[in-house]
Amino acid sequence: MAVLAVFLPPLALLVSGSLHRPGLPPPTTPDLLPSPVSTEGYRLAAELGGLVQATLNSLLVCLVAVPLSVVVASMAGFAMARLPRRVAGWVAALSLVALMVPAVALLVPRFAVFRLAGLTDTLVPLVAPALIATSPLFPLVYYLAFRAIPGELWEACAMEDLSPLRTWWRVGMPLVRPATAGTAALTFVLTWSNFLDPLVFLYDRELFTLPLALRSLATLDAADFPVFLAGAVVATVPALVVFVVAQRDLKGVSR
Amino acid sequence: MRARALAVAALVVAGCAGTEEGSATSLLVFGDPHELAAYRSLEAAYEKANPGADVELVEASDRKDLIARLSTSIAGGKPPDLFLMNYRFYGQFAAKNAIEPAAPMLAASKALQADDFFPQALEAFQVRGEQMCMPQNISSLVVYYNKDLFTKYGVALPRAGWSWDDMVATAIALTRDANGDVVKGVDFDQPGAAPTGPPPAEYGLAVSPELIRLAPFAWSNGGRLFDDDRSPTRIAFDEPAVAALQNFIDLRGRHGVVPTDQEVESQDDEARFAAGKLAMLMSSRRSTTTFRAISGFDWDVAALPVYKTPATVLHSDAYCVTRGSSDKAAAWKFVEFALGAEGAAIMAGTGRTVPSNKAVAQSPAFLDPGAKPRNAQVFLDSIPAVRATPTISTWPEIEDVANGILENALYYNQPTTEVVRWLDEQTRPLFERANK
């Protein structure tokens with residue numbers, strides 16, 4: 001309840017703001033009930049910001065990147081959990097070092113690599129981080145989740161002649177569903193809100209993703225704030241849906 | 001194995017959405033959605049006039065985004081063919097040798113001559129006398145004013161050649177409380193200062209505390225901001241510049257005619273003006289498009305107040321051809337079109353820019369009698385008095401640091417001796433880095 005009290009008012013203001021009529025001077029104090037209620041902001045956001053295309057692009061990127069990233073993270077985590085403790089510790093330490101490298105430091109080398117591969121101005125550079133699980137954090141989450149499962153189970157699987165791949169998929173994954181829900185939600189948010197990569201790698205506005213479109217709407221005049229807020233609502237709703245779905249999964253297993 | 005299959009699948013999916021790598025001339029610009037729409041119509045007009053030509057517009061939202069894109073793509077070896085950049089920010093790219101000088105292309109051009117342009121704008125984009133980029137516009141700082149508020153309170157409109165003191169008196173007369181009474185100059189932020197009446201509901205003036213806003217007044221007072229205007233090595237305000245700074249700070253600390261920082265945070269100057277709660281606003285041509293949407297009152301523009309000689313500060317963006325461009329001739333051809341009569345008229349039609357092309361600036365494309373501001377001639381009259389800030393490579397960082405200091409100075413009424421010392425001390429490493 002307390003969490004709701006903190007997070008609900010900004011969302012309510014966001015939605016109410018997006019329903020104001022654009023082109024009027026912004027009110028100095030927020031008024032919750034716009035009069036008249038207008039969806040003009042949404043129409044203008046679609047028209048000026050190319051919001052529809054941007055939403056589709058963002059969804060496409062997430063649909064490919066999130067499952068891919070979760071699969072890579074869980075496989076890596078599973079493999080780490082089967083390593084001798086000492087070796088796994090070293091891998092974990094290396095992951096932590098990788099976590100500390102700021103993304104900006106890698107920007108120019110990444111640009112050069114994708115340019116050589118002829119992949120700038122495509123969505124590939126936005127999906128590519130999924131091949132290394134998006135963030136070193138996620139394999140570690142899976143590593144901890146798989147390590148918590150008693151080793152006898154894996155030995156039993158080996159006796160049954162299950163291949164490591166089948167053990168991972170048939171036995172391991174169903175046992176770590178909360179980790180999967182959490183990782184998927186976080187990966188979605190990271191990918192969905194990724195601003196820097198599309199800024200640097202995309203030129204064609206037909207390929208722009210939501211954060212870029214939203215940034216463009218943010219430069220509108222103050223009188224057009226409902227247009228910007230309409231874009232913000234469109235960008236926020238999918239993230240909320242993903243969290244609600246993920247939360248159900250998290251609760252379901254912990255009970 | 002599986003990961004590789006998935007990777008291939010990802011490439012295929014994403015590749016479908018990608019565009020073909022072609023021989024299009026890429027142009028990197030920034031602007032809000034309306035401004036970008038104008039660039040798109042410019043692109044369309046160019047492609048129509050030159051069948052077979054292909055221009056790809058690369059759109060950034062603001063200057064920071066544009067610089068991020070540009071720096072990464074230059075460092076990564078694939079810059080756009082052309083980019084549009086303000087003279088205050090292009091120095092770093094000129095210093096990194098990323099710009100192909102425009103001088104030889106301009107000399108060989110049949111479509112454009114140097115004489116077609118306002119020399120003040122051309123000069124801002126020269127390095128050691130060599131023309132680097134071609135200016136697209138030439139704006140300057142002017143005073144936007146709400147005509148209805150002047151009429152309502154019976155205050156005389158700003159005249160050409162009005163003085164700083166005239167402006168302060170006008171601003172005081174227009175700073176009113178909710179009852180419409182003149183507010184006495186009390187700074188409510190000062191510790192221990194008891195408000196003597198209701199706080200202002202309408203302010204007489206707004207000006208953002210920035211170096212480029214202060215500079216024209218220091219210059220007008222015969223002052224100097226740097227030790228050497230051509231190749232500055234530090235900020236060094238002389239006496240007339242310090243006097244202009246003191247008067248600038250007094251706008252808040254002594255007269256209370258500009259909004260407090262809390263008020264600016266809650267409603268920015270343009271929004272306050274558009275809401276009819278601000279009588280005068282110092283800004284460049286950029287504000288015009290925003291204000292054209294105003295329906296509640298009449299507004300116009302006036303020249304900046306003058307201390308001794310008229311002075312204002314240059315705002316100008318230019319087309320720069322990159323050194324890494326694969327087809328510089330095609331890029332230059334687009335520049336010729338964009339800055340020629342047809343292209344310049346398209347951009348002037350947005351109302352946002354003052355054309356750098358003299359003929360277009362004096363044509364109805366800019367001086368449209370049917371469009372506000374009626375007194376658009378002010379922008380052209382200001383041009384002889386326009387001056388540019390230095391174009392050293394670390395200038396954007398110097399501005400950032402200086403603006404932070406000036407903001408505190410204005411809103412917390414700090415003593416000028418301290419302010420000038422901080423300006424010098426905190427920006428000196430930046431000057432040193434530029435002059436290495």
# chains A, B, ... in the order shown; residues from 1 in each chain; ligands from 1
$ closest_atom_pairs --of "chain A" --to "chain B" --cutoff "6 Å" --atoms "only C-alpha atoms" --output "CSV"
residue,atom,partner,partner_atom,distance
A:Pro25,CA,B:Ala275,CA,5.4
A:Leu48,CA,B:Pro33,CA,5.8
A:Val108,CA,B:Gly76,CA,5.5
A:Phe111,CA,B:Gly76,CA,5.6
A:Ala112,CA,B:Gly76,CA,4.6
A:Thr122,CA,B:Gly18,CA,4.4
A:Leu123,CA,B:Ala14,CA,5.0
A:Val124,CA,B:Ala14,CA,5.3
A:Val200,CA,B:Arg69,CA,5.1
A:Tyr203,CA,B:Val58,CA,5.0
A:Ser216,CA,B:Ser61,CA,4.8
A:Thr219,CA,B:Asp32,CA,5.1
A:Leu220,CA,B:Asp32,CA,5.7
A:Ala222,CA,B:Ala271,CA,6.0
$ residues_around --residues "region 155-169 of chain A" --least-positions-apart "6" --cutoff "10 Å" --atoms "only C-alpha atoms" --output "JSON, numbers by chain"
{"A": [71, 74, 75, 78, 79, 82, 146, 175]}
$ write_last_selection --atoms "N, CA and C atoms" --output "JSON list (two decimals), in the first residue's frame"
[["chain", "number", "residue", "atom", "x", "y", "z"],
["A", 71, "VAL", "N", 17.77, -16.61, -22.37],
["A", 71, "VAL", "CA", 18.32, -17.93, -22.68],
["A", 71, "VAL", "C", 19.84, -17.93, -22.47],
["A", 74, "SER", "N", 20.68, -17.69, -18.70],
["A", 74, "SER", "CA", 20.40, -18.90, -17.92],
["A", 74, "SER", "C", 21.40, -20.00, -18.26],
["A", 75, "MET", "N", 21.74, -20.10, -19.57],
["A", 75, "MET", "CA", 22.74, -21.11, -19.95],
["A", 75, "MET", "C", 24.08, -20.82, -19.28],
["A", 78, "PHE", "N", 23.83, -21.53, -15.59],
["A", 78, "PHE", "CA", 23.79, -22.98, -15.36],
["A", 78, "PHE", "C", 25.19, -23.58, -15.47],
["A", 79, "ALA", "N", 25.90, -23.17, -16.52],
["A", 79, "ALA", "CA", 27.25, -23.69, -16.72],
["A", 79, "ALA", "C", 28.16, -23.29, -15.56],
["A", 82, "ARG", "N", 27.79, -25.43, -12.52],
["A", 82, "ARG", "CA", 28.33, -26.79, -12.59],
["A", 82, "ARG", "C", 29.85, -26.80, -12.52],
["A", 146, "PHE", "N", 20.82, -21.36, -9.53],
["A", 146, "PHE", "CA", 21.12, -22.78, -9.79],
["A", 146, "PHE", "C", 21.97, -23.38, -8.68],
["A", 175, "LEU", "N", 12.79, -24.93, -12.14],
["A", 175, "LEU", "CA", 13.06, -24.71, -10.72],
["A", 175, "LEU", "C", 13.46, -23.26, -10.41]]
$ residues_around --residues "region 231-238 of chain B" --least-positions-apart "2" --cutoff "12 Å" --atoms "only C-alpha atoms" --output "PyMOL selection string"
chain B and resi 127-128+211+214-215+218-219+221-229+240-246+389-395+398-399+401-402+416-436
$ atom_distance --atom1 "CA of Ile346 (chain B)" --atom2 "CA of Ser326 (chain B)"
27.2 Å
$ closest_residue --among "B:Ala409, B:Leu314, B:Val321, B:Ala103" --to "Ser356 (chain B)" --atoms "only C-alpha atoms"
B:Leu314
$ select_by_dssp --residues "region 54-136 of chain A" --states "alpha helix (DSSP H)" --output "JSON, numbers by chain"
{"A": [54, 55, 56, 57, 58, 59, 60, 61, 62, 63, 64, 65, 66, 67, 68, 69, 70, 71, 72, 73, 74, 75, 76, 77, 78, 79, 80, 81, 82, 85, 86, 87, 88, 89, 90, 91, 92, 93, 94, 95, 96, 97, 98, 99, 100, 107, 108, 109, 110, 111, 112, 113, 114, 115, 116, 124, 125, 126, 127]}
$ residues_around --residues "Pro238 (chain A)" --least-positions-apart "6" --cutoff "10 Å" --atoms "only C-alpha atoms" --output "PyMOL selection string"
chain A and resi 55+59+188-189+192+244
$ write_last_selection --atoms "C-alpha atoms" --output "JSON list (two decimals), in the first residue's frame"
[["chain", "number", "residue", "atom", "x", "y", "z"],
["A", 55, "THR", "CA", 6.64, 1.67, -30.68],
["A", 59, "LEU", "CA", 8.56, -3.98, -29.53],
["A", 188, "PHE", "CA", 13.01, -5.78, -20.86],
["A", 189, "VAL", "CA", 13.38, -2.50, -19.00],
["A", 192, "TRP", "CA", 13.07, -0.87, -23.74],
["A", 244, "VAL", "CA", 2.65, -6.94, -13.33]]
$ atom_distance --atom1 "CA of Phe150 (chain B)" --atom2 "CA of Asp298 (chain B)"
10.3 Å
$ residues_around --residues "Ser382 (chain B)" --least-positions-apart "4" --cutoff "10 Å" --atoms "only C-alpha atoms" --output "PyMOL selection string"
chain B and resi 139-142+302-304+310-314+377-378+386
$ write_last_selection --atoms "N, CA and C atoms" --output "compact mmCIF listing (two decimals), in the first residue's frame"
# COMPACT_ATOMS: atom_id res chain seq x y z
N SER B 139 21.12 35.19 -36.17
CA SER B 139 20.18 35.76 -35.23
C SER B 139 20.95 36.53 -34.17
N SER B 140 20.23 37.31 -33.38
CA SER B 140 20.88 38.07 -32.33
C SER B 140 19.91 38.17 -31.16
N LEU B 141 20.44 38.69 -30.06
CA LEU B 141 19.61 38.83 -28.88
C LEU B 141 18.72 40.07 -29.03
N VAL B 142 17.42 39.91 -28.81
CA VAL B 142 16.49 41.06 -28.86
C VAL B 142 15.56 40.98 -27.65
N ALA B 302 11.93 44.40 -29.81
CA ALA B 302 12.65 45.66 -29.81
C ALA B 302 14.14 45.35 -29.68
N ALA B 303 14.98 46.34 -30.04
CA ALA B 303 16.42 46.14 -29.93
C ALA B 303 16.83 46.12 -28.46
N LEU B 304 18.00 45.54 -28.17
CA LEU B 304 18.52 45.53 -26.81
C LEU B 304 18.80 46.95 -26.34
N PRO B 310 25.72 50.46 -29.44
CA PRO B 310 24.86 49.28 -29.59
C PRO B 310 25.71 48.02 -29.72
N ALA B 311 25.29 46.94 -29.05
CA ALA B 311 25.98 45.66 -29.18
C ALA B 311 24.99 44.55 -28.93
N THR B 312 25.14 43.46 -29.65
CA THR B 312 24.34 42.27 -29.37
C THR B 312 25.18 41.06 -29.71
N VAL B 313 24.67 39.87 -29.37
CA VAL B 313 25.50 38.68 -29.52
C VAL B 313 24.99 37.82 -30.67
N LEU B 314 25.92 37.27 -31.43
CA LEU B 314 25.58 36.48 -32.61
C LEU B 314 25.06 35.09 -32.23
N GLN B 377 12.25 43.77 -38.66
CA GLN B 377 13.39 44.54 -39.14
C GLN B 377 14.43 44.72 -38.03
N VAL B 378 13.99 44.67 -36.76
CA VAL B 378 14.93 44.80 -35.63
C VAL B 378 16.08 43.80 -35.74
N VAL B 386 26.37 43.22 -34.18
CA VAL B 386 26.48 41.86 -33.65
C VAL B 386 27.94 41.48 -33.45
$ residues_around --residues "Leu186 (chain A)" --least-positions-apart "4" --cutoff "12 Å" --atoms "only C-alpha atoms" --output "PyMOL selection string"
chain A and resi 62+66-67+69-70+133-135+137-138+141+179-182+190-193+239-240+242-243+246-247
$ atom_distance --atom1 "CA of Ala94 (chain B)" --atom2 "CA of Arg323 (chain B)"
10.1 Å
$ residues_around --residues "Pro125 (chain A)" --least-positions-apart "4" --cutoff "10 Å" --atoms "only C-alpha atoms" --output "tab-separated table (two decimals) with N, CA and C atoms, in the first residue's frame"
chain	number	residue	atom	x	y	z
A	61	VAL	N	12.46	-5.03	-31.24
A	61	VAL	CA	13.76	-5.22	-30.58
A	61	VAL	C	13.59	-6.05	-29.31
A	110	ARG	N	32.54	-0.14	-30.28
A	110	ARG	CA	31.37	-0.85	-30.78
A	110	ARG	C	30.91	-0.27	-32.10
A	111	PHE	N	30.93	1.07	-32.19
A	111	PHE	CA	30.53	1.70	-33.45
A	111	PHE	C	31.43	1.23	-34.58
A	113	VAL	N	33.16	-1.53	-34.80
A	113	VAL	CA	32.90	-2.94	-35.14
A	113	VAL	C	31.65	-3.07	-36.01
A	114	PHE	N	30.58	-2.41	-35.58
A	114	PHE	CA	29.34	-2.53	-36.34
A	114	PHE	C	29.45	-1.86	-37.72
A	119	LEU	N	26.63	-2.90	-40.22
A	119	LEU	CA	25.36	-3.06	-39.51
A	119	LEU	C	24.87	-1.77	-38.84
A	120	THR	N	25.58	-0.64	-39.06
A	120	THR	CA	25.02	0.60	-38.52
A	120	THR	C	23.77	0.93	-39.32
A	121	ASP	N	22.89	1.70	-38.71
A	121	ASP	CA	21.60	2.03	-39.31
A	121	ASP	C	20.73	0.79	-39.54
A	129	PRO	N	23.49	-6.89	-27.79
A	129	PRO	CA	23.87	-7.13	-26.39
A	129	PRO	C	23.20	-8.35	-25.80
A	130	ALA	N	22.06	-8.77	-26.36
A	130	ALA	CA	21.38	-9.96	-25.84
A	130	ALA	C	22.25	-11.20	-25.98
A	197	ASP	N	22.28	3.61	-27.44
A	197	ASP	CA	22.58	2.79	-28.61
A	197	ASP	C	21.79	3.24	-29.84
A	198	PRO	N	20.47	3.39	-29.74
A	198	PRO	CA	19.76	3.89	-30.93
A	198	PRO	C	20.24	5.27	-31.36
A	200	VAL	N	23.18	6.46	-31.31
A	200	VAL	CA	24.45	6.41	-32.02
A	200	VAL	C	24.36	5.55	-33.29
A	201	PHE	N	23.56	4.48	-33.24
A	201	PHE	CA	23.60	3.52	-34.34
A	201	PHE	C	22.53	3.74	-35.40
A	202	LEU	N	21.46	4.46	-35.09
A	202	LEU	CA	20.37	4.60	-36.05
A	202	LEU	C	20.38	5.98	-36.69
B	11	LEU	N	19.86	-11.32	-36.61
B	11	LEU	CA	20.38	-10.48	-37.70
B	11	LEU	C	19.38	-10.41	-38.83
B	14	ALA	N	16.37	-8.19	-37.79
B	14	ALA	CA	16.71	-6.78	-37.75
B	14	ALA	C	17.09	-6.28	-39.13
$ decode --residues "region 200-269 of chain B" --atoms "C-alpha atoms" --output "short mmCIF file (atom, residue, chain, number, x, y, z; two decimals), in the first residue's frame"
data_model
loop_
_atom_site.label_atom_id
_atom_site.label_comp_id
_atom_site.auth_asym_id
_atom_site.auth_seq_id
_atom_site.Cartn_x
_atom_site.Cartn_y
_atom_site.Cartn_z
CA PRO B 200 4.80 39.79 -7.85
CA ALA B 201 2.24 38.06 -10.04
CA GLU B 202 3.62 39.59 -13.22
CA TYR B 203 7.31 40.22 -13.82
CA GLY B 204 8.76 43.08 -15.84
CA LEU B 205 11.68 41.19 -17.36
CA ALA B 206 13.30 37.79 -17.80
CA VAL B 207 16.80 37.01 -18.98
CA SER B 208 18.61 33.75 -18.39
CA PRO B 209 21.86 34.17 -16.44
CA GLU B 210 24.25 33.06 -19.17
CA LEU B 211 27.54 34.35 -20.45
CA ILE B 212 26.09 34.96 -23.93
CA ARG B 213 23.27 37.03 -22.40
CA LEU B 214 25.60 39.13 -20.28
CA ALA B 215 28.26 39.63 -22.97
CA PRO B 216 26.37 42.14 -25.19
CA PHE B 217 25.90 44.51 -22.23
CA ALA B 218 29.55 44.32 -21.24
CA TRP B 219 30.48 45.06 -24.86
CA SER B 220 27.93 47.86 -25.09
CA ASN B 221 29.48 49.45 -22.01
CA GLY B 222 32.86 49.41 -23.77
CA GLY B 223 33.97 46.43 -21.71
CA ARG B 224 35.99 43.31 -22.40
CA LEU B 225 35.35 39.79 -21.11
CA PHE B 226 38.61 38.09 -22.07
CA ASP B 227 42.28 39.01 -21.89
CA ASP B 228 42.42 38.81 -25.69
CA ASP B 229 39.32 38.69 -27.86
CA ARG B 230 41.03 36.94 -30.80
CA SER B 231 42.91 34.25 -28.91
CA PRO B 232 41.68 34.34 -25.31
CA THR B 233 43.62 32.56 -22.57
CA ARG B 234 41.37 33.48 -19.63
CA ILE B 235 38.23 35.31 -18.57
CA ALA B 236 39.26 38.79 -17.44
CA PHE B 237 36.43 41.30 -16.97
CA ASP B 238 37.62 44.90 -17.14
CA GLU B 239 35.93 47.74 -15.22
CA PRO B 240 33.05 48.47 -17.65
CA ALA B 241 32.34 44.72 -17.89
CA VAL B 242 32.18 44.45 -14.08
CA ALA B 243 29.79 47.42 -14.01
CA ALA B 244 27.53 45.67 -16.54
CA LEU B 245 27.71 42.49 -14.43
CA GLN B 246 26.73 44.44 -11.30
CA ASN B 247 23.72 45.92 -13.11
CA PHE B 248 22.80 42.47 -14.37
CA ILE B 249 22.88 41.00 -10.84
CA ASP B 250 20.89 43.98 -9.53
CA LEU B 251 17.97 42.96 -11.74
CA ARG B 252 17.19 40.33 -9.11
CA GLY B 253 19.04 41.39 -5.98
CA ARG B 254 18.18 45.09 -5.96
CA HIS B 255 15.18 45.62 -8.21
CA GLY B 256 13.49 42.22 -8.07
CA VAL B 257 12.20 42.61 -11.63
CA VAL B 258 13.19 39.14 -12.87
CA PRO B 259 11.65 35.89 -11.53
CA THR B 260 13.45 33.99 -8.76
CA ASP B 261 15.14 30.69 -9.54
CA GLN B 262 12.29 28.72 -7.91
CA GLU B 263 9.84 30.54 -10.16
CA VAL B 264 11.95 29.85 -13.25
CA GLU B 265 12.15 26.18 -12.23
CA SER B 266 8.38 25.92 -11.98
CA GLN B 267 7.66 27.86 -15.17
CA ASP B 268 10.36 28.67 -17.71
CA ASP B 269 10.67 32.14 -19.22
#
